[in-house]
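For reference, model.txt is printed below; it contains compact mmCIF, C-alpha atoms.
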# COMPACT_ATOMS: atom_id res chain seq x y z
CA MET A 1 -35.52 23.76 32.20
CA PRO A 2 -35.83 23.64 28.41
CA SER A 3 -39.31 23.91 27.00
CA LEU A 4 -41.09 20.94 25.41
CA LYS A 5 -40.59 22.41 21.98
CA ASP A 6 -36.83 22.75 22.54
CA LEU A 7 -36.64 19.12 23.64
CA ARG A 8 -38.57 17.96 20.60
CA ASN A 9 -36.19 19.84 18.34
CA ARG A 10 -33.14 18.41 20.09
CA ILE A 11 -34.46 14.87 19.73
CA ALA A 12 -35.18 15.42 16.05
CA SER A 13 -31.69 16.79 15.42
CA VAL A 14 -29.93 13.99 17.30
CA LYS A 15 -31.97 11.48 15.34
CA ALA A 16 -30.90 13.09 12.08
CA THR A 17 -27.26 12.95 13.20
CA GLN A 18 -27.66 9.32 14.12
CA LYS A 19 -28.97 8.54 10.65
CA ILE A 20 -25.91 10.17 9.10
CA THR A 21 -23.41 8.37 11.32
CA LYS A 22 -25.22 5.09 10.72
CA ALA A 23 -25.04 5.61 6.97
CA MET A 24 -21.35 6.54 7.16
CA GLN A 25 -20.66 3.44 9.18
CA MET A 26 -22.31 1.26 6.58
CA VAL A 27 -20.47 2.91 3.72
CA ALA A 28 -17.18 2.50 5.59
CA ALA A 29 -17.93 -1.17 6.24
CA ALA A 30 -18.55 -1.80 2.55
CA LYS A 31 -15.41 0.07 1.50
CA LEU A 32 -13.40 -1.57 4.25
CA ARG A 33 -13.83 -5.03 2.85
CA ARG A 34 -12.43 -4.05 -0.52
CA ALA A 35 -9.63 -1.98 0.97
CA GLN A 36 -8.72 -4.75 3.39
CA GLU A 37 -8.50 -7.34 0.63
CA ALA A 38 -6.30 -5.05 -1.42
CA ALA A 39 -4.03 -4.29 1.53
CA LEU A 40 -3.61 -7.93 2.51
CA ALA A 41 -3.00 -8.99 -1.08
CA ALA A 42 -0.30 -6.34 -1.53
CA ARG A 43 1.67 -7.42 1.53
CA PRO A 44 3.51 -10.45 0.13
CA TYR A 45 4.96 -8.53 -2.83
CA ALA A 46 6.24 -5.66 -0.71
CA GLU A 47 7.66 -8.05 1.86
CA ARG A 48 9.39 -10.27 -0.67
CA MET A 49 10.86 -7.26 -2.39
CA GLN A 50 12.15 -5.95 0.91
CA ALA A 51 13.65 -9.35 1.68
CA MET A 52 15.30 -9.52 -1.72
CA LEU A 53 16.84 -6.08 -1.23
CA ALA A 54 17.96 -7.02 2.24
CA GLY A 55 19.75 -10.02 0.79
CA LEU A 56 21.39 -7.91 -1.89
CA ALA A 57 22.40 -5.23 0.55
CA SER A 58 23.97 -7.67 2.99
CA GLY A 59 26.13 -8.94 0.15
CA MET A 60 27.22 -5.41 -0.67
CA GLU A 61 27.94 -4.29 2.84
CA GLY A 62 30.80 -1.86 3.00
CA ALA A 63 31.30 -2.04 -0.74
CA ALA A 64 32.29 1.29 -2.17
CA GLY A 65 30.11 2.73 -4.87
CA ALA A 66 26.92 1.09 -3.64
CA PRO A 67 23.88 2.99 -4.93
CA THR A 68 22.79 5.72 -2.54
CA LEU A 69 19.20 4.50 -2.61
CA LEU A 70 20.41 1.28 -1.03
CA ALA A 71 23.28 2.30 1.19
CA GLY A 72 22.56 5.98 1.74
CA ASN A 73 24.89 8.81 0.83
CA GLY A 74 26.80 8.53 4.08
CA ARG A 75 25.21 11.58 5.64
CA ASP A 76 22.46 11.83 8.17
CA ASP A 77 21.76 15.56 8.30
CA THR A 78 18.58 16.19 6.38
CA HIS A 79 15.61 13.98 7.05
CA LEU A 80 12.50 13.80 4.93
CA LEU A 81 9.36 12.56 6.63
CA VAL A 82 6.75 11.26 4.21
CA VAL A 83 3.50 11.44 6.14
CA CYS A 84 0.65 9.49 4.57
CA THR A 85 -2.80 10.28 5.91
CA ALA A 86 -6.38 10.39 4.72
CA GLU A 87 -8.08 13.07 2.69
CA ARG A 88 -11.07 13.15 4.98
CA GLY A 89 -11.72 13.37 8.67
CA LEU A 90 -14.37 11.73 10.83
CA CYS A 91 -12.35 8.60 11.26
CA GLY A 92 -11.49 8.61 14.93
CA SER A 93 -7.86 9.04 15.86
CA PHE A 94 -6.58 7.70 12.52
CA ASN A 95 -5.10 10.93 11.16
CA SER A 96 -4.01 12.35 14.48
CA SER A 97 -2.17 9.22 15.57
CA ILE A 98 -0.08 9.18 12.39
CA ALA A 99 0.54 12.91 12.71
CA ARG A 100 1.52 12.46 16.34
CA LEU A 101 4.07 9.77 15.51
CA ALA A 102 5.52 11.95 12.77
CA ARG A 103 5.61 15.00 15.03
CA GLU A 104 7.42 13.11 17.80
CA HIS A 105 9.92 11.81 15.28
CA ALA A 106 10.42 15.30 13.86
CA ASN A 107 10.89 16.87 17.27
CA ARG A 108 13.42 14.25 18.25
CA LEU A 109 15.41 14.91 15.08
CA ILE A 110 15.21 18.66 15.55
CA ALA A 111 16.47 18.26 19.11
CA GLN A 112 19.46 16.40 17.66
CA GLY A 113 20.13 19.37 15.43
CA LYS A 114 19.09 17.74 12.16
CA THR A 115 17.21 19.43 9.38
CA VAL A 116 13.69 18.12 8.97
CA LYS A 117 11.58 18.36 5.84
CA ILE A 118 8.08 17.02 5.55
CA LEU A 119 6.19 15.75 2.54
CA CYS A 120 2.51 15.16 3.19
CA VAL A 121 0.47 12.71 1.20
CA GLY A 122 -3.13 13.45 2.06
CA ARG A 123 -4.55 16.74 3.18
CA LYS A 124 -5.38 15.82 6.77
CA GLY A 125 -1.78 15.16 7.72
CA ALA A 126 -0.77 18.57 6.40
CA ASP A 127 -3.57 20.19 8.40
CA ALA A 128 -2.49 18.42 11.59
CA LEU A 129 1.18 19.26 11.22
CA LYS A 130 0.75 22.81 9.92
CA ARG A 131 0.60 24.44 13.33
CA ASP A 132 3.83 23.10 14.82
CA LEU A 133 5.89 22.30 11.78
CA GLY A 134 4.27 24.43 9.07
CA PRO A 135 7.42 25.91 7.52
CA ARG A 136 9.01 22.48 7.29
CA ILE A 137 6.34 21.08 5.02
CA ILE A 138 7.92 21.27 1.60
CA ARG A 139 5.16 19.68 -0.41
CA THR A 140 1.66 18.30 -0.04
CA ILE A 141 0.33 15.71 -2.44
CA GLU A 142 -3.43 15.59 -2.36
CA MET A 143 -5.21 12.39 -3.16
CA ARG A 144 -8.59 14.01 -3.41
CA GLY A 145 -10.71 12.54 -6.14
CA VAL A 146 -8.79 9.28 -6.09
CA ARG A 147 -11.36 6.62 -5.44
CA ASN A 148 -9.27 3.49 -5.54
CA ILE A 149 -5.58 3.68 -4.90
CA GLY A 150 -3.74 2.23 -7.87
CA PHE A 151 -0.09 1.64 -8.46
CA ALA A 152 -0.04 4.75 -10.64
CA GLN A 153 -0.61 7.05 -7.66
CA ALA A 154 2.09 5.34 -5.62
CA ASP A 155 4.43 5.54 -8.58
CA MET A 156 3.74 9.27 -8.86
CA VAL A 157 4.68 9.77 -5.20
CA GLY A 158 7.70 7.50 -5.67
CA LYS A 159 8.89 9.53 -8.68
CA GLN A 160 8.65 12.76 -6.70
CA LEU A 161 10.70 11.18 -3.91
CA LEU A 162 13.35 10.06 -6.38
CA GLU A 163 13.44 13.52 -7.92
CA LEU A 164 13.97 15.12 -4.52
CA HIS A 165 16.59 12.53 -3.72
CA ALA A 166 18.43 13.10 -6.99
CA ALA A 167 18.38 16.84 -6.29
CA GLY A 168 20.05 16.15 -2.94
CA GLU A 169 17.13 17.55 -0.98
CA PHE A 170 17.46 14.96 1.78
CA ASP A 171 19.71 12.21 3.10
CA VAL A 172 17.23 9.94 4.84
CA ALA A 173 13.55 9.41 4.08
CA THR A 174 11.07 7.84 6.45
CA LEU A 175 7.55 6.80 5.55
CA PHE A 176 4.71 7.19 8.04
CA TYR A 177 1.45 5.29 7.73
CA ALA A 178 -0.97 3.21 9.76
CA GLN A 179 -0.59 -0.51 9.45
CA PHE A 180 -3.91 -2.28 9.30
CA LYS A 181 -4.23 -4.86 12.06
CA SER A 182 -7.97 -5.13 12.46
CA VAL A 183 -11.07 -2.97 12.36
CA ILE A 184 -10.40 -1.73 15.87
CA GLN A 185 -6.63 -1.66 15.70
CA GLN A 186 -4.44 0.32 13.35
CA ILE A 187 -0.81 0.75 14.23
CA PRO A 188 0.94 3.99 13.23
CA THR A 189 4.22 2.88 11.70
CA ALA A 190 7.45 4.53 10.66
CA GLN A 191 9.40 2.78 7.92
CA ARG A 192 12.78 3.92 6.62
CA LEU A 193 12.60 4.24 2.87
CA ILE A 194 15.91 5.74 1.79
CA PRO A 195 18.38 4.23 2.39
CA ALA A 196 16.48 0.97 2.15
CA ASP A 197 15.65 -0.65 5.45
CA VAL A 198 17.60 -3.87 5.30
CA SER A 199 17.25 -4.99 8.87
CA GLY A 200 15.76 -8.41 9.27
CA ALA A 201 17.58 -9.85 6.29
CA PRO A 202 16.83 -13.54 6.05
CA GLU A 203 19.70 -15.86 6.83
CA ARG A 204 21.08 -17.10 3.58
CA THR A 205 21.80 -20.78 3.93
CA SER A 206 24.26 -20.45 1.12
CA GLY A 207 26.55 -18.77 3.65
CA GLY A 208 27.77 -15.81 1.68
CA ALA A 209 27.96 -17.56 -1.67
CA ILE A 210 28.52 -15.11 -4.44
CA TYR A 211 25.42 -14.04 -6.26
CA GLU A 212 25.28 -14.15 -10.00
CA TYR A 213 23.45 -11.44 -11.85
CA GLU A 214 21.77 -11.29 -15.19
CA PRO A 215 22.12 -8.64 -16.57
CA GLU A 216 24.80 -6.79 -14.59
CA GLU A 217 24.27 -6.05 -10.92
CA GLU A 218 24.19 -2.29 -11.53
CA ASP A 219 21.48 -2.66 -14.17
CA ILE A 220 19.33 -4.73 -11.87
CA LEU A 221 19.76 -2.37 -8.96
CA ALA A 222 19.04 0.63 -11.14
CA GLU A 223 15.74 -1.00 -12.00
CA LEU A 224 14.96 -2.55 -8.64
CA LEU A 225 15.67 0.30 -6.23
CA PRO A 226 13.35 2.95 -7.71
CA ARG A 227 10.70 0.31 -8.12
CA ASN A 228 11.06 -0.70 -4.50
CA ILE A 229 10.34 2.88 -3.40
CA SER A 230 7.09 2.92 -5.36
CA VAL A 231 6.14 -0.52 -4.12
CA GLN A 232 6.69 0.44 -0.50
CA VAL A 233 4.68 3.64 -0.98
CA PHE A 234 1.95 1.64 -2.69
CA ARG A 235 1.80 -0.74 0.21
CA ALA A 236 1.66 2.13 2.70
CA LEU A 237 -1.19 3.76 0.80
CA LEU A 238 -3.18 0.54 0.67
CA GLU A 239 -2.60 -0.16 4.36
CA ASN A 240 -3.67 3.39 5.03
CA ALA A 241 -6.83 3.06 2.97
CA ALA A 242 -7.87 -0.04 4.88
CA SER A 243 -6.95 1.51 8.23
CA GLU A 244 -8.88 4.67 7.42
CA GLN A 245 -12.07 2.77 6.63
CA GLY A 246 -11.61 0.57 9.70
CA ALA A 247 -11.08 3.58 11.93
CA ARG A 248 -14.05 5.38 10.40
CA MET A 249 -16.25 2.37 10.82
CA SER A 250 -15.53 1.99 14.52
CA ALA A 251 -15.69 5.75 15.11
CA MET A 252 -19.08 5.95 13.41
CA ASP A 253 -20.28 2.87 15.25
CA SER A 254 -19.62 4.47 18.61
CA ALA A 255 -21.08 7.76 17.39
CA THR A 256 -24.28 5.96 16.42
CA ARG A 257 -24.39 4.32 19.83
CA ASN A 258 -23.82 7.63 21.61
CA ALA A 259 -26.60 9.23 19.62
CA GLY A 260 -28.91 6.36 20.63
CA GLU A 261 -28.10 6.91 24.28
CA MET A 262 -28.65 10.62 23.97
CA ILE A 263 -32.02 10.13 22.27
CA GLY A 264 -33.06 7.83 25.15
CA LYS A 265 -32.09 10.37 27.77
CA LEU A 266 -33.75 13.23 25.96
CA THR A 267 -36.93 11.22 25.45
CA ILE A 268 -37.14 10.47 29.18
CA THR A 269 -36.65 14.14 30.02
CA TYR A 270 -39.23 15.06 27.41
CA ASN A 271 -41.82 12.63 28.77
CA ARG A 272 -41.19 13.70 32.37
CA SER A 273 -41.63 17.36 31.65
CA ARG A 274 -44.74 16.67 29.56
CA GLN A 275 -46.18 14.66 32.46
CA ALA A 276 -45.24 17.43 34.89
CA GLN A 277 -47.00 19.97 32.77
CA ILE A 278 -50.18 17.88 32.51
CA THR A 279 -50.17 17.41 36.29
CA LYS A 280 -49.67 21.12 36.77
CA GLU A 281 -52.60 21.95 34.49
CA LEU A 282 -54.84 19.41 36.27
CA ILE A 283 -53.99 20.90 39.66
CA GLU A 284 -54.81 24.34 38.32
CA ILE A 285 -58.22 23.17 37.03
CA ILE A 286 -59.08 21.27 40.20
CA SER A 287 -58.04 24.01 42.55
CA GLY A 288 -59.98 26.48 40.38
CA ALA A 289 -63.09 24.32 40.67
CA GLU A 290 -62.65 23.93 44.41
CA ALA A 291 -62.39 27.67 44.87
CA LEU A 292 -65.91 28.17 43.48
CA MET B 293 17.10 -29.64 -19.67
CA ALA B 294 18.98 -30.87 -16.65
CA THR B 295 17.33 -33.72 -14.85
CA GLY B 296 20.03 -34.49 -12.30
CA THR B 297 17.91 -33.81 -9.25
CA ALA B 298 14.55 -34.67 -10.79
CA GLY B 299 11.98 -35.28 -8.13
CA ALA B 300 13.63 -33.10 -5.48
CA THR B 301 11.55 -30.04 -4.67
CA PHE B 302 12.32 -26.54 -3.46
CA PRO B 303 10.12 -23.69 -2.18
CA PHE B 304 8.80 -21.49 -4.97
CA GLU B 305 6.82 -18.28 -4.72
CA LEU B 306 5.33 -16.11 -7.41
CA VAL B 307 3.94 -12.73 -6.35
CA SER B 308 2.52 -9.81 -8.26
CA PRO B 309 1.69 -6.45 -6.66
CA GLU B 310 -1.95 -7.50 -6.54
CA ARG B 311 -1.59 -10.90 -4.96
CA LEU B 312 0.40 -14.00 -4.11
CA LEU B 313 -0.17 -16.36 -7.04
CA VAL B 314 1.86 -19.42 -6.17
CA SER B 315 3.42 -20.46 -2.92
CA GLY B 316 4.56 -24.00 -2.49
CA GLU B 317 7.02 -26.68 -3.50
CA ALA B 318 8.14 -27.11 -7.09
CA ARG B 319 10.39 -29.56 -8.89
CA SER B 320 11.41 -27.23 -11.64
CA VAL B 321 10.63 -23.72 -12.77
CA VAL B 322 11.51 -22.31 -16.19
CA VAL B 323 11.85 -18.55 -15.98
CA PRO B 324 11.93 -16.16 -18.97
CA GLY B 325 15.00 -14.13 -18.01
CA SER B 326 15.94 -10.94 -19.81
CA GLU B 327 19.05 -12.63 -21.20
CA GLY B 328 17.30 -15.89 -22.01
CA GLU B 329 15.23 -18.61 -20.41
CA PHE B 330 16.67 -20.52 -17.51
CA GLU B 331 15.50 -23.45 -15.48
CA VAL B 332 15.74 -23.55 -11.72
CA LEU B 333 16.06 -26.89 -9.93
CA LYS B 334 16.79 -27.65 -6.32
CA ASP B 335 20.12 -26.29 -5.02
CA HIS B 336 20.52 -23.78 -7.84
CA ALA B 337 23.35 -21.32 -7.19
CA PRO B 338 22.31 -17.89 -5.86
CA PHE B 339 21.15 -15.94 -8.85
CA LEU B 340 19.30 -12.73 -9.51
CA ALA B 341 17.77 -11.98 -12.87
CA MET B 342 15.41 -9.59 -14.52
CA LEU B 343 12.46 -10.96 -16.46
CA ARG B 344 11.20 -10.24 -19.92
CA PRO B 345 7.57 -10.81 -20.89
CA GLY B 346 7.07 -14.51 -21.36
CA ILE B 347 5.67 -17.75 -20.06
CA LEU B 348 6.86 -19.10 -16.75
CA ARG B 349 6.54 -22.90 -16.50
CA VAL B 350 6.26 -24.55 -13.11
CA ILE B 351 6.47 -28.30 -12.51
CA GLY B 352 4.80 -28.80 -9.15
CA ALA B 353 5.70 -31.37 -6.51
CA ALA B 354 3.12 -33.75 -7.97
CA GLY B 355 4.55 -33.38 -11.47
CA ASP B 356 1.72 -31.13 -12.62
CA GLU B 357 2.59 -28.34 -15.03
CA GLN B 358 1.38 -24.79 -14.65
CA ARG B 359 1.97 -22.02 -17.17
CA ILE B 360 1.83 -18.40 -16.12
CA PHE B 361 2.30 -15.30 -18.24
CA VAL B 362 4.60 -12.76 -16.57
CA ARG B 363 5.39 -9.26 -17.73
CA SER B 364 8.77 -8.05 -16.47
CA GLY B 365 9.94 -8.25 -12.89
CA PHE B 366 12.69 -10.03 -10.98
CA ALA B 367 13.60 -13.60 -10.14
CA ASP B 368 15.60 -14.23 -6.99
CA VAL B 369 17.21 -17.61 -6.40
CA ASN B 370 18.58 -17.60 -2.88
CA GLY B 371 19.92 -20.38 -0.75
CA VAL B 372 16.39 -21.26 0.27
CA GLY B 373 14.35 -21.27 -2.89
CA LEU B 374 13.09 -19.19 -5.78
CA THR B 375 11.02 -16.02 -5.48
CA VAL B 376 9.65 -14.39 -8.60
CA LEU B 377 8.41 -10.82 -8.28
CA ALA B 378 6.41 -10.13 -11.40
CA GLU B 379 5.00 -6.77 -12.36
CA GLU B 380 2.05 -8.61 -13.80
CA ALA B 381 1.28 -12.30 -13.65
CA VAL B 382 -1.70 -14.13 -15.11
CA PRO B 383 -2.16 -17.90 -15.37
CA VAL B 384 -2.27 -18.77 -19.07
CA GLU B 385 -5.76 -20.29 -18.79
CA GLN B 386 -7.11 -16.99 -17.53
CA LEU B 387 -5.26 -14.94 -20.08
CA LYS B 388 -7.47 -13.39 -22.70
CA GLY B 389 -6.13 -12.78 -26.17
CA ASP B 390 -7.00 -9.11 -26.11
CA GLN B 391 -4.91 -8.62 -22.93
CA ILE B 392 -1.78 -9.47 -24.90
CA VAL B 393 -2.97 -7.38 -27.82
CA GLN B 394 -3.48 -4.51 -25.40
CA SER B 395 0.03 -4.95 -23.94
CA ILE B 396 1.51 -5.03 -27.42
CA ARG B 397 -0.32 -1.85 -28.37
CA THR B 398 0.91 -0.08 -25.22
CA ALA B 399 4.45 -1.27 -25.92
CA GLU B 400 4.21 0.00 -29.51
CA GLU B 401 3.04 3.38 -28.31
CA GLU B 402 5.87 3.53 -25.79
CA LEU B 403 8.34 2.60 -28.49
CA ALA B 404 7.07 5.36 -30.73
CA ALA B 405 7.48 7.89 -27.94
CA ILE B 406 11.10 6.99 -27.13
CA LYS B 407 13.87 8.77 -29.01
CA ASP B 408 16.93 7.71 -27.05
CA PRO B 409 18.52 4.75 -28.94
CA ALA B 410 19.55 2.84 -25.79
CA GLN B 411 16.04 2.91 -24.39
CA ARG B 412 14.69 2.19 -27.85
CA SER B 413 16.38 -1.18 -28.13
CA GLU B 414 15.07 -1.99 -24.68
CA ALA B 415 11.51 -1.24 -25.74
CA GLU B 416 12.00 -3.15 -29.01
CA ARG B 417 13.10 -6.22 -27.08
CA MET B 418 10.07 -5.91 -24.85
CA LEU B 419 7.78 -5.72 -27.85
CA ALA B 420 9.44 -8.71 -29.52
CA SER B 421 8.99 -10.81 -26.38
CA LEU B 422 5.33 -9.89 -26.21
CA ARG B 423 4.82 -10.88 -29.87
CA GLU B 424 6.62 -14.16 -29.18
CA VAL B 425 4.23 -14.90 -26.30
CA GLN B 426 1.30 -14.14 -28.54
CA ALA B 427 2.60 -16.51 -31.19
CA THR B 428 3.30 -19.31 -28.69
CA LEU B 429 -0.13 -19.10 -27.19
CA LYS B 430 -1.87 -19.03 -30.57
CA LEU B 431 -0.15 -22.30 -31.44
CA GLY B 432 -0.62 -23.97 -28.08

Translate this structure into structure tokens?
Amino acid sequence: MPSLKDLRNRIASVKATQKITKAMQMVAAAKLRRAQEAALAARPYAERMQAMLAGLASGMEGAAGAPTLLAGNGRDDTHLLVVCTAERGLCGSFNSSIARLAREHANRLIAQGKTVKILCVGRKGADALKRDLGPRIIRTIEMRGVRNIGFAQADMVGKQLLELHAAGEFDVATLFYAQFKSVIQQIPTAQRLIPADVSGAPERTSGGAIYEYEPEEEDILAELLPRNISVQVFRALLENAASEQGARMSAMDSATRNAGEMIGKLTITYNRSRQAQITKELIEIISGAEAL
Amino acid sequence: MATGTAGATFPFELVSPERLLVSGEARSVVVPGSEGEFEVLKDHAPFLAMLRPGILRVIGAAGDEQRIFVRSGFADVNGVGLTVLAEEAVPVEQLKGDQIVQSIRTAEEELAAIKDPAQRSEAERMLASLREVQATLKLG
């Protein structure tokens, strides 16, 4: 049985924790709204660009000399997993669910005898994957100190990907992030980045009419493909930012509730043992008086 | 300007990385393409073009005109309609003079930094288009 003083201390410390979680929840809620708006607003652009590429790619199917960013380099041996996670923890299962998806994907590829390389964007993903797949992590890009994700950050990641691709470091790149569905639901997602994912191409009513290009097709693709990489990374980072705040908000909400429950329980125990002690003291006094 | 199918509308969308600016039916859209302006009407042949900085003019289904400043990007005319992916898009009414001045200054700095002649002409064209936009808007 803990002493009254111990109980008092426990209650005080749980209360302090509750204040912190409550504050974190409120901060996350405020940040969430901004992040959510940004993520939702960025969706149309990324989707349209994907659709445009899909249309282009379907017209170029089987054509020799298609750019490798679009059609791949014909090999499927070295895979690069780009794992986007948060810089900070205390956001429920957000980081671990992305890491888990990436790890499963990596293990499946390894079982097939492929080479797997990992590029982590965000420190937490690197931490989570270090134990199992440590030697396969070729680079970690930290986003610490970045308050609002801008296109510049995504472009920086995109450029590094293009560099690695140009150096022949990988054949296929897959992007991992959490798609923001709602405050309580974030879906870990894997998206193929290189070669471009052209599934779900919209049906062209023109029925295979020949596209005209201005300027030349190669010039457009040379501009469009690298840009698409950055745009898709940008979208992933924004989705991630919103998901992270959503996950943190609900995690902190339940932490605050748990702390409340714990304070209630501790207070009852505290009051009971105080009452028991008073009763005990009274009995001692009374029986002392009776003995006289 | 062709007016053969005047009145017929087609789906038009204008998106920038930040947001979806326009999504709806349009009668005609004049796009500042990198090789020159072109107008898109209903049933335009499939066409893919790059943009240069300029003013994009949209005639809506109700015949209302909208002018939007776009800074490079892509225009995609597919069998369905027209999608413009702009790097930056601001409706002309919301455009502040210093925004253009700022863009011009950035372009000038970029131009000064480039040594390769091929890229240089590219940057010069970009700068010229920006100046043109500035001049048009000052007059209008």

What are the closest atom pairs, with distances in Å to one decimal, for all residues of chain B lying within 12 Å of chain A? Consider only C-alpha atoms, order rows by chain and residue number, and present the result as CSV.
residue,atom,partner,partner_atom,distance
B:Glu305,CA,A:Arg48,CA,9.3
B:Leu306,CA,A:Tyr45,CA,8.9
B:Val307,CA,A:Tyr45,CA,5.6
B:Ser308,CA,A:Tyr45,CA,6.1
B:Pro309,CA,A:Tyr45,CA,5.4
B:Glu310,CA,A:Ala42,CA,5.4
B:Arg311,CA,A:Ala41,CA,4.5
B:Leu312,CA,A:Pro44,CA,6.3
B:Leu313,CA,A:Ala41,CA,9.9
B:Val314,CA,A:Pro44,CA,11.1
B:Ser315,CA,A:Pro44,CA,10.5
B:Pro324,CA,A:Glu214,CA,11.6
B:Gly325,CA,A:Glu214,CA,7.9
B:Ser326,CA,A:Pro215,CA,7.3
B:Glu327,CA,A:Glu214,CA,6.7
B:Gly328,CA,A:Glu214,CA,9.4
B:Glu329,CA,A:Glu214,CA,11.1
B:Phe330,CA,A:Glu214,CA,10.8
B:Asp335,CA,A:Ser206,CA,9.4
B:His336,CA,A:Ser206,CA,10.3
B:Ala337,CA,A:Tyr211,CA,7.6
B:Pro338,CA,A:Tyr211,CA,5.0
B:Phe339,CA,A:Glu212,CA,4.6
B:Leu340,CA,A:Tyr213,CA,4.9
B:Ala341,CA,A:Glu214,CA,4.7
B:Met342,CA,A:Glu214,CA,6.6
B:Leu343,CA,A:Glu214,CA,9.4
B:Arg344,CA,A:Pro215,CA,11.5
B:Ser364,CA,A:Glu223,CA,10.9
B:Gly365,CA,A:Leu224,CA,8.7
B:Phe366,CA,A:Leu224,CA,8.2
B:Ala367,CA,A:Met52,CA,9.5
B:Asp368,CA,A:Met52,CA,7.1
B:Val369,CA,A:Tyr211,CA,9.0
B:Asn370,CA,A:Arg204,CA,6.9
B:Gly371,CA,A:Ser206,CA,4.7
B:Val372,CA,A:Thr205,CA,6.5
B:Gly373,CA,A:Thr205,CA,10.1
B:Leu374,CA,A:Met52,CA,10.7
B:Thr375,CA,A:Arg48,CA,7.7
B:Val376,CA,A:Arg48,CA,8.9
B:Leu377,CA,A:Tyr45,CA,6.8
B:Ala378,CA,A:Tyr45,CA,8.8
B:Glu379,CA,A:Tyr45,CA,9.7
B:Glu380,CA,A:Tyr45,CA,11.3

Near Leu237 of chain A, counting all atoms listed in the file, which residues have an atom at most 9 Å away, once you skip same-chain residues fewer than 5 positions from it, shown as a PDB file with C-alpha atoms, in the frame of the given file?
ATOM      1  CA  ALA A  39      -4.030  -4.290   1.530  1.00  0.00           C
ATOM      2  CA  CYS A  84       0.650   9.490   4.570  1.00  0.00           C
ATOM      3  CA  THR A  85      -2.800  10.280   5.910  1.00  0.00           C
ATOM      4  CA  ILE A 149      -5.580   3.680  -4.900  1.00  0.00           C
ATOM      5  CA  ALA A 154       2.090   5.340  -5.620  1.00  0.00           C
ATOM      6  CA  TYR A 177       1.450   5.290   7.730  1.00  0.00           C
ATOM      7  CA  ALA A 178      -0.970   3.210   9.760  1.00  0.00           C
ATOM      8  CA  GLN A 232       6.690   0.440  -0.500  1.00  0.00           C
ATOM      9  CA  ALA A 242      -7.870  -0.040   4.880  1.00  0.00           C
TER      10      ALA A 242
END

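In this model, the gap between atom CA of Ala255 of chain A and atom CA of Ala29 of chain A comes to 14.6 Å.
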
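One distance worth recording is that between atom CA of Ala289 of chain A and atom CA of Tyr270 of chain A, which is 28.8 Å.
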
From (-10.8, -1.2, 12.8), in the file's coordinates, out to 7 Å: which residues are reached, counting all atoms listed in the file? Answer as a short mmCIF file (atom, residue, chain, number, x, y, z; two decimals) with C-alpha atoms, in the coordinates of the input.
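point-v4.cif was written with the following content:
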data_model
loop_
_atom_site.label_atom_id
_atom_site.label_comp_id
_atom_site.auth_asym_id
_atom_site.auth_seq_id
_atom_site.Cartn_x
_atom_site.Cartn_y
_atom_site.Cartn_z
CA SER A 182 -7.97 -5.13 12.46
CA VAL A 183 -11.07 -2.97 12.36
CA ILE A 184 -10.40 -1.73 15.87
CA GLN A 185 -6.63 -1.66 15.70
CA GLN A 186 -4.44 0.32 13.35
CA SER A 243 -6.95 1.51 8.23
CA GLY A 246 -11.61 0.57 9.70
CA ALA A 247 -11.08 3.58 11.93
CA MET A 249 -16.25 2.37 10.82
CA SER A 250 -15.53 1.99 14.52
#

Worksheet item: Using only C-alpha atoms, which residues sit within 10 Å of Leu161 of chain A once same-chain residues fewer than 3 positions away are excluded, as a PyMOL selection string?
Response: chain A and resi 80+82+119+155-158+164-167+169-170+173+193-194+226+229-230

Discussion item. Can you tell me which residues surround Phe361 of chain B at a distance of at most 12 Å, considering all atoms listed in the file, apart from same-chain residues fewer than 4 positions away, and format the answer as a VMD selection string?
Written reply: chain B and resid 306 308 313 322 to 324 343 to 350 365 378 to 389 391 to 392 421 to 422 424 to 426 428 to 429

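Note that the spacing between atom CA of Asp77 of chain A and atom CA of Thr174 of chain A amounts to 13.3 Å.
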